[in-house]
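Colleague: Sharing a structure below in structure tokens format, with a few things to ask.
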Amino acid sequence: MAHATDTKSTETTRRDFLMLATGAAGVVGIGGVLIPLISQLAPDAQTIAAGAPMDVDLAPIAEGMAIKLFWRGKLIFVRHRTKKEIDEALAVDIATLRDPQTDQQRTKAGHEPFLVVYGNCTHLGCVPLGNSPGDPKGDFDGWFCPCHGSHYDSSGRIRKGPAPLNLPVPPYAFSTDTKIRIG
Amino acid sequence: MSTISFRLALTGLATGLSLSLSVPSAQAAEGRVIPPQMSWSFSGPFGKFDRAQLQRGFKVVKEVCANCHSMSLLRIRNLAQPGGPEFTPGQVNALAATYTVKDGPNDQGEMFDRPGRAADPFPAPFPNEQAARAANGGALPVDLSVIAKARTYERGFPQFIFDIFTQYQEQGPDYIHALMTGYKDPPPEGTPPLLPGQYFNTYMPGHLIAMPKPISDGQVEYPKGADGKSPVPETVDQYGKDVAAFLVWAAEPHMEARKRTGLQVMVFLLIFGSLLYYTKKKVWARMPDGSAAH
Amino acid sequence: MSGHSSYVPKTGIERWLDARLPIVRLMHDSAVSYPVPRNLNYFWTFGGILVFMLVAQIVTGIILAMHYTPHSTMAFNSVEHIMRDVNFGWLLRYLHANGASMFFVAVYVHIFRGLYYGSYKAPREVLWILGVIIFLLMMATAFMGYVLPWGQMSFWGATVITNLFSALPVIGETIVTFLWGGYSVDNPTLNRFFSLHYLLPFMIFGVVILHIWALHVVGQNNPTGVEVKNVAKDTVPFTPYATIKDIFGMVCFIFVFSYFVFYQPNFMGHADNYIPANPAVTPTHIVPEWYFLPFYAILRAIPDKLGGVLAMGAAIVVLAFLPWIDTSKVKSMTYRPVARVLFWAFLVTCIVLGYLGAMPAEEPFVTYSRIFTVLYFGFFVALFVVGLFEKPKPLPSSIADSVLGSLKGGSGARLATATAAEPNAKG
């Protein structure tokens with residue numbers, strides 16, 4: 001009897017090890033299958049390649065006006081601010097801000113009249129109003145998002161309403177006084 | 001035994017059919033000459049492209065073929081991606097900038113020219129099919145993007161079954177190389193007189209082709225080696241091989257990744273399969289009531 | 001599914017769920033404790049392989065649909081976009097395209113296994129007919145899927161196959177116009193084919209569930225064709241016995257599948273489909289995918305348009321009547337010396353018809369197509385006749401006997417007559 005039990009227990013161990021190894025290999029296999037199934041969701045090669053830097057001519061934008069453009073499929077506002085709007089933006093005590101940033105941090109030195117920001121509200125992605133002369137500009141001479149009532153100031157900073165962050169500034173640089181390269 | 005009846009049936013059929021089935025079908029009647037099989041660096045399970053060959057092939061395509069043929073599915077950036085000719089990103093950007101691309105409309109509603117970008121497709125030599133035909137005596141130069149996969153010939157029975165195991169699948173490049181080297185001027189004896197715009201090519205089905213002999217020896221200069229000479233001959237034969245290799249890559253830019261992934265998958269399946277085999281044997285060694293299976 | 005359930009819920013939650021939705025019990029009864037004849041060979045793993053292939057096709061297909069554009073001007077380029085730009089797009093597309101072929105490889109093995117072992121006979125007629133319906137749905141799905149890349153073979157395949165319906169008298173032309181959504185195969189055709197190609201696999205899935213349900217009611221056939229008599233002696237529980245064997249068979253099948261995907265991805269396709277669709281030029285040899293070739297040969301063998309279409313349809317539909325065409329009581333051809341020869345002749349006939357379907361419509365292939373079309377249908381007539389007089393070999397008295405008897409080198413002492421193999425649904 002004892003002999004029989006011994007045989008059985010060694011056999012069980014070997015069987016368990018085999019099962020374990022097979023199961024582990026199966027998990028590896030499933031993992032391998034998931035790689036292509038998931039990575040195909042990421043942006044494809046052409047989408048990535050199409051996101052090359054883009055040149056924008058600022059000369060046609062009159063003072064007090066703004067334009068909308070798209071880079072990598074994302075909306076960007078370029079605003080030629082008035083003296084009043086710049087002064088307002090500079091005068092703010094940043095300690096009072098929800099997302100504290102100075103106006104200098106959000107513009108390029110020497111090119112203060114131009115503000116370049118992404119054009120989607122940081123709350124849930126709607127497009128705030130304020131680019132055209134007739135638009136409501138909110139309580140702070142910037143933008144007003146009609147979806148849930150967020151107010152941005154003339155530096156694109158969040159001042160009132162549910163949005164948590166300022167309108168982000170995309171990567172860009174001035175190539176001449178009237179030309180920027182976004183990206 | 002069932003195998004015997006199976007064999008009997010097979011033998012009967014074989015004797016009945018052997019004569020007719022071994023006749024190469026309509027291809028011979030069409031005047032089709034099977035292209036010679038070349039040896040390619042990218043054939044077989046471990047095949048890889050020869051980077052230098054792809055770069056030479058691209059040079060010929062750019063300087064000669066692209067004057068008439070488009071390659072619309074290829075992007076300039078593809079030339080830098082792994083598994084291809086692998087030009088450096090700098091080379092590719094510089095190349096892209098040499099092209100002029102029509103873009104627009106701008107704020108005035110006008111189309112404008114700008115330098116090409118790596119993300120652009122290869123510019124087509126003609127704006128549309130009608131323009132291409134008008135410039136080529138009514139014939140349309142085909143797009144070359146997937147031509148290496150779009151051209152083939154029947155291998156016939158039983159060769160096509162052997163091909164599964166030998167992995168021979170280079171009918172396309174064999175044909176492209178053969179076509180580029182297959183021009184005969186004057187045409188061989190017995191050919192009906194050629195009409196204007198017709199040329200004789202041994203490997204074109206029917207032998208009549210609308211494309212004039214595209215290239216001659218020494219027409220494209222290859223990069224020089226250390227000794228000041230090109231490492232490969234500057235001949236039509238070599239141009240044909242290089243162009244064919246380039247077009248295979250153009251038609252299947254991820255071939256290297258495919259074969260590499262394939263090896264990993266096959267090795268894994270062998271290991272997993274053997275483990276399963278022994279697990280299955282263990283499980284079946286004993287019946288639920290504890291008795292031996294057989 | 002038949003018989004009592006052996007599921008015993010252990011925890012309170014299991015008991016709570018079991019009283020409300022006995023889904024765990026259903027899984028247990030159909031995939032764990034379900035009794036499987038112990039003598040099944042590897043041909044029986046193809047059912048599981050087919051379920052795997054269906055799921056694999058649905059998964060890769062849903063993903064391809066995320067990147068594909070069903071429009072006549074963009075479809076070809078969007079497929080190339082998948083091949084070139086989408087991450088692992090080349091793999092997903094080759095898996096899907098070769099998957100269709102491998103699906104048919106598996107289904108043909110499955111069908112011929114059913115033919116050889118008489119799996120269509122009582123009490124499995126409904127099971128078999130559901131299988132024929134799945135086969136028809138698969139053919140429709142595969143055909144419409146092949147149209148989607150909008151290459152030359154897509155376009156001309158669609159043109160030729162839809163034109164089959166014009167053979168119908170009176171209403172034919174109207175039906176074809178309705179299929180096309182226009183006056184020729186064009187963008188509306190592509191759009192509806194895409195829609196239906198997405199829909200049909202889920203219909204297949206539904207019929208597969210019925211197929212498996214029917215299977216679990218009557219129990220599996222087995223290589224002897226003798227029904228289960230004693231569950232304890234003749235069967236093993238599905239898990240782990242059938243599970244592990246099916247998975248092993250599946251991995252072997254995936255090995256072959258992978259070989260084509262990674263090393264010969266275009267072997268089973270047509271080079272012409274890498275040429276964008278051109279309504280002004282027909283490829284010189286237009287042939288359907290290999291899995292349609294035998295039926296295509298039958299279509300071309302009949303020198304009459306309507307006749308050809310009807311013959312082709314009959315070649316598939318006749319399968320559904322097999323349970324009543326075959327007059328023999330013995331299921332497995334292992335014990336039917338004459339029918340077995342017929343079976344192998346039929347298999348060869350199908351292969352030759354497939355070869356003839358790939359050949360141009362000229363002599364001598366046309367004559368051979370006619371001969372082999374007659375042989376194809378002749379098989380069913382012969383099966384009917386042979387069953388009337390054939391003297392079967394003695395059957396084993398039970399599955400257990402056939403397995404254990406082979407050890408003793410012959411179980412001649414314990415043989416039953418053919419009529420003893422009467423169906424016993426309670427497995």
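Going by the structure tokens order, chains are called A, B, ..., each with residues numbered from 1, while ligands are numbered from 1 in the order shown.
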List the neighbours of Lys179 in chain A out to 6 Å using only C-alpha atoms; skip same-chain residues closer than 6 positions along the sequence, and give me the result as a PyMOL selection string.

Modeller: chain A and resi 56-58

Colleague: Within 9 Å of Leu353 in chain C, counting only C-alpha atoms, which residues show up once you throw out same-chain ones fewer than 5 positions away? Write them as a list in words, please.

Modeller: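 My reading of the contact set: Leu293, Pro294, Phe295, Tyr296, Ala297, Ile298, Val348, Ala358, Tyr368, Ser369, Phe372, Thr373 and Tyr376 of chain C.
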
Colleague: Mind checking which residues fall within 9 Å of range 275-291 of chain B, counting only C-alpha atoms, ignoring those fewer than 2 positions away in the same chain, and posting them as a PyMOL selection string?

Modeller: (chain A and resi 15+18-19+21-22+25) or (chain B and resi 270-273+293-294) or (chain C and resi 232-233+236-237+240-241+244-245+247-248+251)

Colleague: With N, CA and C atoms retained, could you export that selection as a short mmCIF file (atom, residue, chain, number, x, y, z; two decimals), in the first residue's frame?

Modeller:
data_model
loop_
_atom_site.label_atom_id
_atom_site.label_comp_id
_atom_site.auth_asym_id
_atom_site.auth_seq_id
_atom_site.Cartn_x
_atom_site.Cartn_y
_atom_site.Cartn_z
N ARG A 15 2.97 15.69 -12.62
CA ARG A 15 1.80 16.16 -13.34
C ARG A 15 1.52 17.63 -13.03
N LEU A 18 4.03 19.85 -14.82
CA LEU A 18 3.72 19.90 -16.25
C LEU A 18 2.55 20.84 -16.50
N MET A 19 1.51 20.67 -15.67
CA MET A 19 0.32 21.54 -15.79
C MET A 19 0.71 23.00 -15.63
N ALA A 21 3.68 24.43 -16.05
CA ALA A 21 4.48 24.90 -17.19
C ALA A 21 3.58 25.16 -18.39
N THR A 22 2.65 24.24 -18.64
CA THR A 22 1.75 24.42 -19.77
C THR A 22 0.88 25.64 -19.58
N ALA A 25 2.90 28.75 -20.14
CA ALA A 25 3.13 28.98 -21.58
C ALA A 25 1.85 29.53 -22.22
N LEU B 270 5.94 25.61 -30.93
CA LEU B 270 6.56 24.29 -30.78
C LEU B 270 6.70 23.94 -29.30
N ILE B 271 7.16 24.91 -28.49
CA ILE B 271 7.34 24.65 -27.06
C ILE B 271 5.97 24.40 -26.41
N PHE B 272 5.04 25.31 -26.67
CA PHE B 272 3.71 25.20 -26.08
C PHE B 272 3.04 23.90 -26.52
N GLY B 273 3.19 23.58 -27.80
CA GLY B 273 2.60 22.36 -28.34
C GLY B 273 3.17 21.12 -27.67
N ALA B 293 -6.02 3.84 -19.46
CA ALA B 293 -6.85 4.23 -20.59
C ALA B 293 -6.99 3.11 -21.61
N HIS B 294 -5.89 2.46 -21.93
CA HIS B 294 -5.97 1.45 -22.98
C HIS B 294 -5.48 0.12 -22.48
N ALA C 232 -20.45 5.56 -17.61
CA ALA C 232 -19.24 5.36 -16.80
C ALA C 232 -18.15 4.67 -17.61
N LYS C 233 -18.54 3.70 -18.43
CA LYS C 233 -17.53 2.93 -19.15
C LYS C 233 -17.18 3.53 -20.51
N VAL C 236 -15.77 9.88 -21.02
CA VAL C 236 -14.93 10.59 -20.05
C VAL C 236 -15.53 11.99 -19.92
N PRO C 237 -15.32 12.66 -18.78
CA PRO C 237 -15.85 14.02 -18.67
C PRO C 237 -15.12 14.97 -19.62
N PRO C 240 -11.10 17.18 -17.69
CA PRO C 240 -10.04 17.75 -18.52
C PRO C 240 -9.80 17.01 -19.84
N TYR C 241 -10.45 15.86 -20.05
CA TYR C 241 -10.03 14.99 -21.16
C TYR C 241 -10.17 15.65 -22.54
N ILE C 244 -8.20 19.32 -22.92
CA ILE C 244 -6.76 19.35 -23.18
C ILE C 244 -6.46 18.83 -24.58
N LYS C 245 -7.24 17.83 -25.00
CA LYS C 245 -7.01 17.29 -26.34
C LYS C 245 -7.38 18.32 -27.41
N ILE C 247 -7.36 21.56 -27.06
CA ILE C 247 -6.39 22.66 -27.07
C ILE C 247 -5.14 22.22 -27.80
N PHE C 248 -4.72 21.00 -27.58
CA PHE C 248 -3.53 20.51 -28.29
C PHE C 248 -3.78 20.51 -29.81
N VAL C 251 -3.64 24.05 -31.10
CA VAL C 251 -2.29 24.63 -31.22
C VAL C 251 -1.59 24.06 -32.46
#

Colleague: For chain A, report every residue with an atom at most 10 Å from chain B (counting only C-alpha atoms), formatted as a PyMOL selection string.

Modeller: chain A and resi 11-12+14-26+28-29+32-33+45-52

Colleague: Go ahead and dump the residues you just picked, N, CA and C atoms, as a PDB file, in the first residue's frame.

Modeller:
ATOM      1  N   GLU A  11       4.012  10.948  -9.036  1.00  0.00           N
ATOM      2  CA  GLU A  11       3.336  11.175 -10.304  1.00  0.00           C
ATOM      3  C   GLU A  11       2.539  12.482 -10.257  1.00  0.00           C
ATOM      4  N   THR A  12       1.890  12.695  -9.119  1.00  0.00           N
ATOM      5  CA  THR A  12       1.111  13.908  -8.959  1.00  0.00           C
ATOM      6  C   THR A  12       2.007  15.134  -9.070  1.00  0.00           C
ATOM      7  N   ARG A  14       4.857  15.445 -10.666  1.00  0.00           N
ATOM      8  CA  ARG A  14       5.296  15.653 -12.036  1.00  0.00           C
ATOM      9  C   ARG A  14       4.152  16.228 -12.877  1.00  0.00           C
ATOM     10  N   ARG A  15       2.972  15.690 -12.617  1.00  0.00           N
ATOM     11  CA  ARG A  15       1.796  16.159 -13.343  1.00  0.00           C
ATOM     12  C   ARG A  15       1.524  17.633 -13.033  1.00  0.00           C
ATOM     13  N   ASP A  16       1.679  17.981 -11.736  1.00  0.00           N
ATOM     14  CA  ASP A  16       1.439  19.366 -11.351  1.00  0.00           C
ATOM     15  C   ASP A  16       2.422  20.298 -12.029  1.00  0.00           C
ATOM     16  N   PHE A  17       3.694  19.882 -12.070  1.00  0.00           N
ATOM     17  CA  PHE A  17       4.705  20.739 -12.695  1.00  0.00           C
ATOM     18  C   PHE A  17       4.401  20.941 -14.174  1.00  0.00           C
ATOM     19  N   LEU A  18       4.029  19.845 -14.821  1.00  0.00           N
ATOM     20  CA  LEU A  18       3.722  19.904 -16.249  1.00  0.00           C
ATOM     21  C   LEU A  18       2.545  20.841 -16.501  1.00  0.00           C
ATOM     22  N   MET A  19       1.509  20.669 -15.668  1.00  0.00           N
ATOM     23  CA  MET A  19       0.324  21.535 -15.795  1.00  0.00           C
ATOM     24  C   MET A  19       0.711  23.000 -15.631  1.00  0.00           C
ATOM     25  N   LEU A  20       1.561  23.254 -14.631  1.00  0.00           N
ATOM     26  CA  LEU A  20       1.981  24.612 -14.323  1.00  0.00           C
ATOM     27  C   LEU A  20       2.734  25.208 -15.508  1.00  0.00           C
ATOM     28  N   ALA A  21       3.684  24.429 -16.054  1.00  0.00           N
ATOM     29  CA  ALA A  21       4.484  24.903 -17.186  1.00  0.00           C
ATOM     30  C   ALA A  21       3.579  25.162 -18.388  1.00  0.00           C
ATOM     31  N   THR A  22       2.648  24.243 -18.641  1.00  0.00           N
ATOM     32  CA  THR A  22       1.748  24.416 -19.770  1.00  0.00           C
ATOM     33  C   THR A  22       0.878  25.642 -19.580  1.00  0.00           C
ATOM     34  N   GLY A  23       0.360  25.782 -18.367  1.00  0.00           N
ATOM     35  CA  GLY A  23      -0.471  26.941 -18.079  1.00  0.00           C
ATOM     36  C   GLY A  23       0.296  28.233 -18.247  1.00  0.00           C
ATOM     37  N   ALA A  24       1.549  28.247 -17.766  1.00  0.00           N
ATOM     38  CA  ALA A  24       2.377  29.445 -17.880  1.00  0.00           C
ATOM     39  C   ALA A  24       2.610  29.779 -19.351  1.00  0.00           C
ATOM     40  N   ALA A  25       2.903  28.747 -20.140  1.00  0.00           N
ATOM     41  CA  ALA A  25       3.125  28.978 -21.579  1.00  0.00           C
ATOM     42  C   ALA A  25       1.854  29.529 -22.221  1.00  0.00           C
ATOM     43  N   GLY A  26       0.695  29.011 -21.790  1.00  0.00           N
ATOM     44  CA  GLY A  26      -0.566  29.506 -22.323  1.00  0.00           C
ATOM     45  C   GLY A  26      -0.759  30.979 -22.012  1.00  0.00           C
ATOM     46  N   VAL A  28       1.630  33.156 -21.486  1.00  0.00           N
ATOM     47  CA  VAL A  28       2.568  33.886 -22.348  1.00  0.00           C
ATOM     48  C   VAL A  28       1.960  34.048 -23.744  1.00  0.00           C
ATOM     49  N   GLY A  29       1.360  32.970 -24.245  1.00  0.00           N
ATOM     50  CA  GLY A  29       0.752  33.014 -25.577  1.00  0.00           C
ATOM     51  C   GLY A  29      -0.357  34.048 -25.658  1.00  0.00           C
ATOM     52  N   GLY A  32       1.088  37.424 -25.721  1.00  0.00           N
ATOM     53  CA  GLY A  32       1.642  37.751 -27.039  1.00  0.00           C
ATOM     54  C   GLY A  32       0.562  38.156 -28.024  1.00  0.00           C
ATOM     55  N   VAL A  33      -0.580  37.481 -27.948  1.00  0.00           N
ATOM     56  CA  VAL A  33      -1.680  37.811 -28.865  1.00  0.00           C
ATOM     57  C   VAL A  33      -2.231  39.199 -28.568  1.00  0.00           C
ATOM     58  N   ALA A  45       1.426  55.090 -38.038  1.00  0.00           N
ATOM     59  CA  ALA A  45       2.652  55.757 -38.472  1.00  0.00           C
ATOM     60  C   ALA A  45       2.365  57.047 -39.230  1.00  0.00           C
ATOM     61  N   GLN A  46       1.317  57.065 -40.036  1.00  0.00           N
ATOM     62  CA  GLN A  46       1.043  58.261 -40.823  1.00  0.00           C
ATOM     63  C   GLN A  46       0.532  59.393 -39.933  1.00  0.00           C
ATOM     64  N   THR A  47      -0.288  59.041 -38.940  1.00  0.00           N
ATOM     65  CA  THR A  47      -0.778  60.064 -38.012  1.00  0.00           C
ATOM     66  C   THR A  47       0.394  60.710 -37.295  1.00  0.00           C
ATOM     67  N   ILE A  48       1.354  59.885 -36.868  1.00  0.00           N
ATOM     68  CA  ILE A  48       2.522  60.415 -36.170  1.00  0.00           C
ATOM     69  C   ILE A  48       3.340  61.286 -37.126  1.00  0.00           C
ATOM     70  N   ALA A  49       3.564  60.790 -38.335  1.00  0.00           N
ATOM     71  CA  ALA A  49       4.405  61.525 -39.277  1.00  0.00           C
ATOM     72  C   ALA A  49       3.752  62.834 -39.711  1.00  0.00           C
ATOM     73  N   ALA A  50       2.426  62.859 -39.755  1.00  0.00           N
ATOM     74  CA  ALA A  50       1.742  64.063 -40.221  1.00  0.00           C
ATOM     75  C   ALA A  50       1.814  65.183 -39.192  1.00  0.00           C
ATOM     76  N   GLY A  51       2.236  64.856 -37.953  1.00  0.00           N
ATOM     77  CA  GLY A  51       2.302  65.873 -36.920  1.00  0.00           C
ATOM     78  C   GLY A  51       3.598  66.658 -36.946  1.00  0.00           C
ATOM     79  N   ALA A  52       4.118  66.942 -38.123  1.00  0.00           N
ATOM     80  CA  ALA A  52       5.364  67.693 -38.244  1.00  0.00           C
ATOM     81  C   ALA A  52       5.117  69.162 -37.882  1.00  0.00           C
TER      82      ALA A  52
END

Colleague: Grab the CA of His71 in chain C to CA of Pro188 in chain C distance for me, in Å with one decimal place.

Modeller: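 Interatomic distance, CA of His71 in chain C to CA of Pro188 in chain C: 8.4 Å.
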
Colleague: Would you list the contacts of range 145-151 of chain A as a PyMOL selection string, taking every protein, DNA or RNA residue within 9 Å and counting only C-alpha atoms, but skipping same-chain residues closer than 3 positions in sequence?

Modeller: chain A and resi 121+123-124+126-130+137-142+156-163

Colleague: For the interface of chain C with chain B (cut-off 7 Å, counting only C-alpha atoms), please tabulate each contacting residue of chain C alongside its nearest pair of atoms and their separation in Å to one decimal, rows sorted by chain and increasing number, as JSON lines.

Modeller:
{"residue": "C:Arg84", "atom": "CA", "partner": "B:Pro253", "partner_atom": "CA", "distance": 6.7}
{"residue": "C:Val236", "atom": "CA", "partner": "B:Pro288", "partner_atom": "CA", "distance": 6.8}
{"residue": "C:Tyr241", "atom": "CA", "partner": "B:Trp284", "partner_atom": "CA", "distance": 6.5}
{"residue": "C:Ile244", "atom": "CA", "partner": "B:Lys280", "partner_atom": "CA", "distance": 5.7}
{"residue": "C:Lys245", "atom": "CA", "partner": "B:Lys280", "partner_atom": "CA", "distance": 6.0}
{"residue": "C:Phe248", "atom": "CA", "partner": "B:Leu276", "partner_atom": "CA", "distance": 5.6}
{"residue": "C:Val251", "atom": "CA", "partner": "B:Gly273", "partner_atom": "CA", "distance": 6.1}
{"residue": "C:Cys252", "atom": "CA", "partner": "B:Gly273", "partner_atom": "CA", "distance": 6.8}
{"residue": "C:Phe255", "atom": "CA", "partner": "B:Leu269", "partner_atom": "CA", "distance": 6.4}
{"residue": "C:Phe262", "atom": "CA", "partner": "B:Gly262", "partner_atom": "CA", "distance": 5.0}
{"residue": "C:Tyr263", "atom": "CA", "partner": "B:Pro45", "partner_atom": "CA", "distance": 6.4}
{"residue": "C:Gln264", "atom": "CA", "partner": "B:Gln167", "partner_atom": "CA", "distance": 6.5}
{"residue": "C:Ala271", "atom": "CA", "partner": "B:Ala150", "partner_atom": "CA", "distance": 4.5}
{"residue": "C:Asp272", "atom": "CA", "partner": "B:Ala150", "partner_atom": "CA", "distance": 5.5}
{"residue": "C:Tyr274", "atom": "CA", "partner": "B:Ala150", "partner_atom": "CA", "distance": 4.8}
{"residue": "C:Ile275", "atom": "CA", "partner": "B:Ala150", "partner_atom": "CA", "distance": 6.0}
{"residue": "C:Arg340", "atom": "CA", "partner": "B:Ser2", "partner_atom": "CA", "distance": 6.8}
{"residue": "C:Val341", "atom": "CA", "partner": "B:Ser5", "partner_atom": "CA", "distance": 5.6}
{"residue": "C:Trp344", "atom": "CA", "partner": "B:Phe6", "partner_atom": "CA", "distance": 5.5}
{"residue": "C:Ala345", "atom": "CA", "partner": "B:Ala9", "partner_atom": "CA", "distance": 5.9}
{"residue": "C:Pro364", "atom": "CA", "partner": "B:Ser20", "partner_atom": "CA", "distance": 6.7}
{"residue": "C:Val403", "atom": "CA", "partner": "B:His294", "partner_atom": "CA", "distance": 6.6}
{"residue": "C:Leu404", "atom": "CA", "partner": "B:His294", "partner_atom": "CA", "distance": 5.9}
{"residue": "C:Leu407", "atom": "CA", "partner": "B:His294", "partner_atom": "CA", "distance": 6.6}

Colleague: Write the selection just made, keeping C-alpha atoms, as a PDB file, in the first residue's frame?

Modeller:
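File produced: result17.pdb:
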ATOM      1  CA  ARG C  84       1.729  49.927 -44.053  1.00  0.00           C
ATOM      2  CA  VAL C 236     -14.933  10.588 -20.051  1.00  0.00           C
ATOM      3  CA  TYR C 241     -10.035  14.990 -21.160  1.00  0.00           C
ATOM      4  CA  ILE C 244      -6.756  19.347 -23.177  1.00  0.00           C
ATOM      5  CA  LYS C 245      -7.007  17.289 -26.343  1.00  0.00           C
ATOM      6  CA  PHE C 248      -3.526  20.508 -28.291  1.00  0.00           C
ATOM      7  CA  VAL C 251      -2.292  24.631 -31.222  1.00  0.00           C
ATOM      8  CA  CYS C 252      -1.224  22.207 -33.969  1.00  0.00           C
ATOM      9  CA  PHE C 255       1.003  26.205 -36.145  1.00  0.00           C
ATOM     10  CA  PHE C 262       4.144  34.653 -41.526  1.00  0.00           C
ATOM     11  CA  TYR C 263       5.810  32.869 -44.415  1.00  0.00           C
ATOM     12  CA  GLN C 264       3.283  32.482 -47.244  1.00  0.00           C
ATOM     13  CA  ALA C 271      -2.123  38.480 -57.224  1.00  0.00           C
ATOM     14  CA  ASP C 272      -4.797  40.280 -59.254  1.00  0.00           C
ATOM     15  CA  TYR C 274      -3.342  43.803 -55.610  1.00  0.00           C
ATOM     16  CA  ILE C 275      -4.542  45.689 -58.684  1.00  0.00           C
ATOM     17  CA  ARG C 340     -15.939   3.480 -47.678  1.00  0.00           C
ATOM     18  CA  VAL C 341     -14.698   3.225 -51.254  1.00  0.00           C
ATOM     19  CA  TRP C 344     -12.727   8.145 -50.802  1.00  0.00           C
ATOM     20  CA  ALA C 345     -13.880   8.427 -54.399  1.00  0.00           C
ATOM     21  CA  PRO C 364     -10.222  19.233 -71.907  1.00  0.00           C
ATOM     22  CA  VAL C 403     -11.163   0.604 -26.958  1.00  0.00           C
ATOM     23  CA  LEU C 404     -10.279  -2.181 -24.555  1.00  0.00           C
ATOM     24  CA  LEU C 407      -5.548  -4.213 -26.415  1.00  0.00           C
TER      25      LEU C 407
END

Colleague: What residues in chain C have any atom no more than 12 Å from chain A when counting only C-alpha atoms, and can you write them as a ChimeraX atom specification?

Modeller: /C:56,59-67,81-93,95,240,244,247-248,251,254

Colleague: Residues as selected, C-alpha atoms, written as an mmCIF file, in the first residue's frame, can you do that?

Modeller:
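Written out: out-v9.cif:
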data_model
loop_
_atom_site.group_PDB
_atom_site.id
_atom_site.type_symbol
_atom_site.label_atom_id
_atom_site.label_comp_id
_atom_site.auth_asym_id
_atom_site.auth_seq_id
_atom_site.Cartn_x
_atom_site.Cartn_y
_atom_site.Cartn_z
ATOM 1 C CA ALA C 56 -10.422 34.800 -34.215
ATOM 2 C CA VAL C 59 -11.826 39.697 -33.307
ATOM 3 C CA THR C 60 -9.442 40.487 -36.178
ATOM 4 C CA GLY C 61 -12.384 41.585 -38.317
ATOM 5 C CA ILE C 62 -13.688 44.064 -35.764
ATOM 6 C CA ILE C 63 -10.194 45.515 -35.504
ATOM 7 C CA LEU C 64 -9.750 45.750 -39.271
ATOM 8 C CA ALA C 65 -13.101 47.521 -39.499
ATOM 9 C CA MET C 66 -11.657 50.217 -37.210
ATOM 10 C CA HIS C 67 -9.123 51.093 -39.916
ATOM 11 C CA HIS C 81 -2.922 51.816 -45.087
ATOM 12 C CA ILE C 82 -3.591 48.924 -42.716
ATOM 13 C CA MET C 83 -0.694 46.996 -44.245
ATOM 14 C CA ARG C 84 1.729 49.927 -44.053
ATOM 15 C CA ASP C 85 0.845 52.354 -41.277
ATOM 16 C CA VAL C 86 -1.333 50.722 -38.633
ATOM 17 C CA ASN C 87 0.647 49.131 -35.807
ATOM 18 C CA PHE C 88 0.736 45.381 -36.556
ATOM 19 C CA GLY C 89 -1.826 46.077 -39.285
ATOM 20 C CA TRP C 90 0.004 43.725 -41.663
ATOM 21 C CA LEU C 91 -0.356 40.948 -39.090
ATOM 22 C CA LEU C 92 -4.028 41.570 -38.412
ATOM 23 C CA ARG C 93 -4.911 41.694 -42.079
ATOM 24 C CA LEU C 95 -4.468 36.776 -40.002
ATOM 25 C CA PRO C 240 -10.036 17.746 -18.524
ATOM 26 C CA ILE C 244 -6.756 19.347 -23.177
ATOM 27 C CA ILE C 247 -6.394 22.664 -27.066
ATOM 28 C CA PHE C 248 -3.526 20.508 -28.291
ATOM 29 C CA VAL C 251 -2.292 24.631 -31.222
ATOM 30 C CA ILE C 254 -2.517 27.345 -35.266
#

Colleague: Residues near Asp174 in chain B, anyone? I mean within 10 Å using only C-alpha atoms, not counting same-chain ones fewer than 4 positions away, as a PyMOL selection string.

Modeller: chain B and resi 34-40+148+151-152+169-170+178-179+240-241+244-245

Colleague: Going by DSSP on the backbone, which residues of range 83-287 of chain B come out as helix (DSSP H, G or I)? List them as a VMD selection string.

Modeller: chain B and resid 89 to 98 129 to 135 147 to 150 159 to 166 171 to 181 236 to 251 255 to 285

Colleague: Identify, on the basis of only C-alpha atoms, every residue whose closest approach to range 68-78 of chain A does not exceed 7 Å; exclude the query and any residue fewer than 5 positions from it along the same chain; express the result as a ChimeraX atom specification.

Modeller: /A:51,114-120

Colleague: Give me, as a VMD selection string, the residues of range 69-240 of chain B that a backbone DSSP run labels strand (DSSP E).

Modeller: chain B and resid 100 to 103 112 to 115 199 to 200 208 to 209

Colleague: Which residues are near range 57-67 of chain B? Cut-off 8 Å, only C-alpha atoms, ignore same chain within fewer than 2 positions. Put them as a list in words.

Modeller: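 Near neighbours after the sequence-gap exclusion: Gln53, Leu54, Gln55, His69, Ser70, Met71, Ala124, Pro125, Pro214, Ile215, Val220, Tyr239, Lys241, Asp242, Val243, Ala244, Ala245 and Phe246 of chain B.
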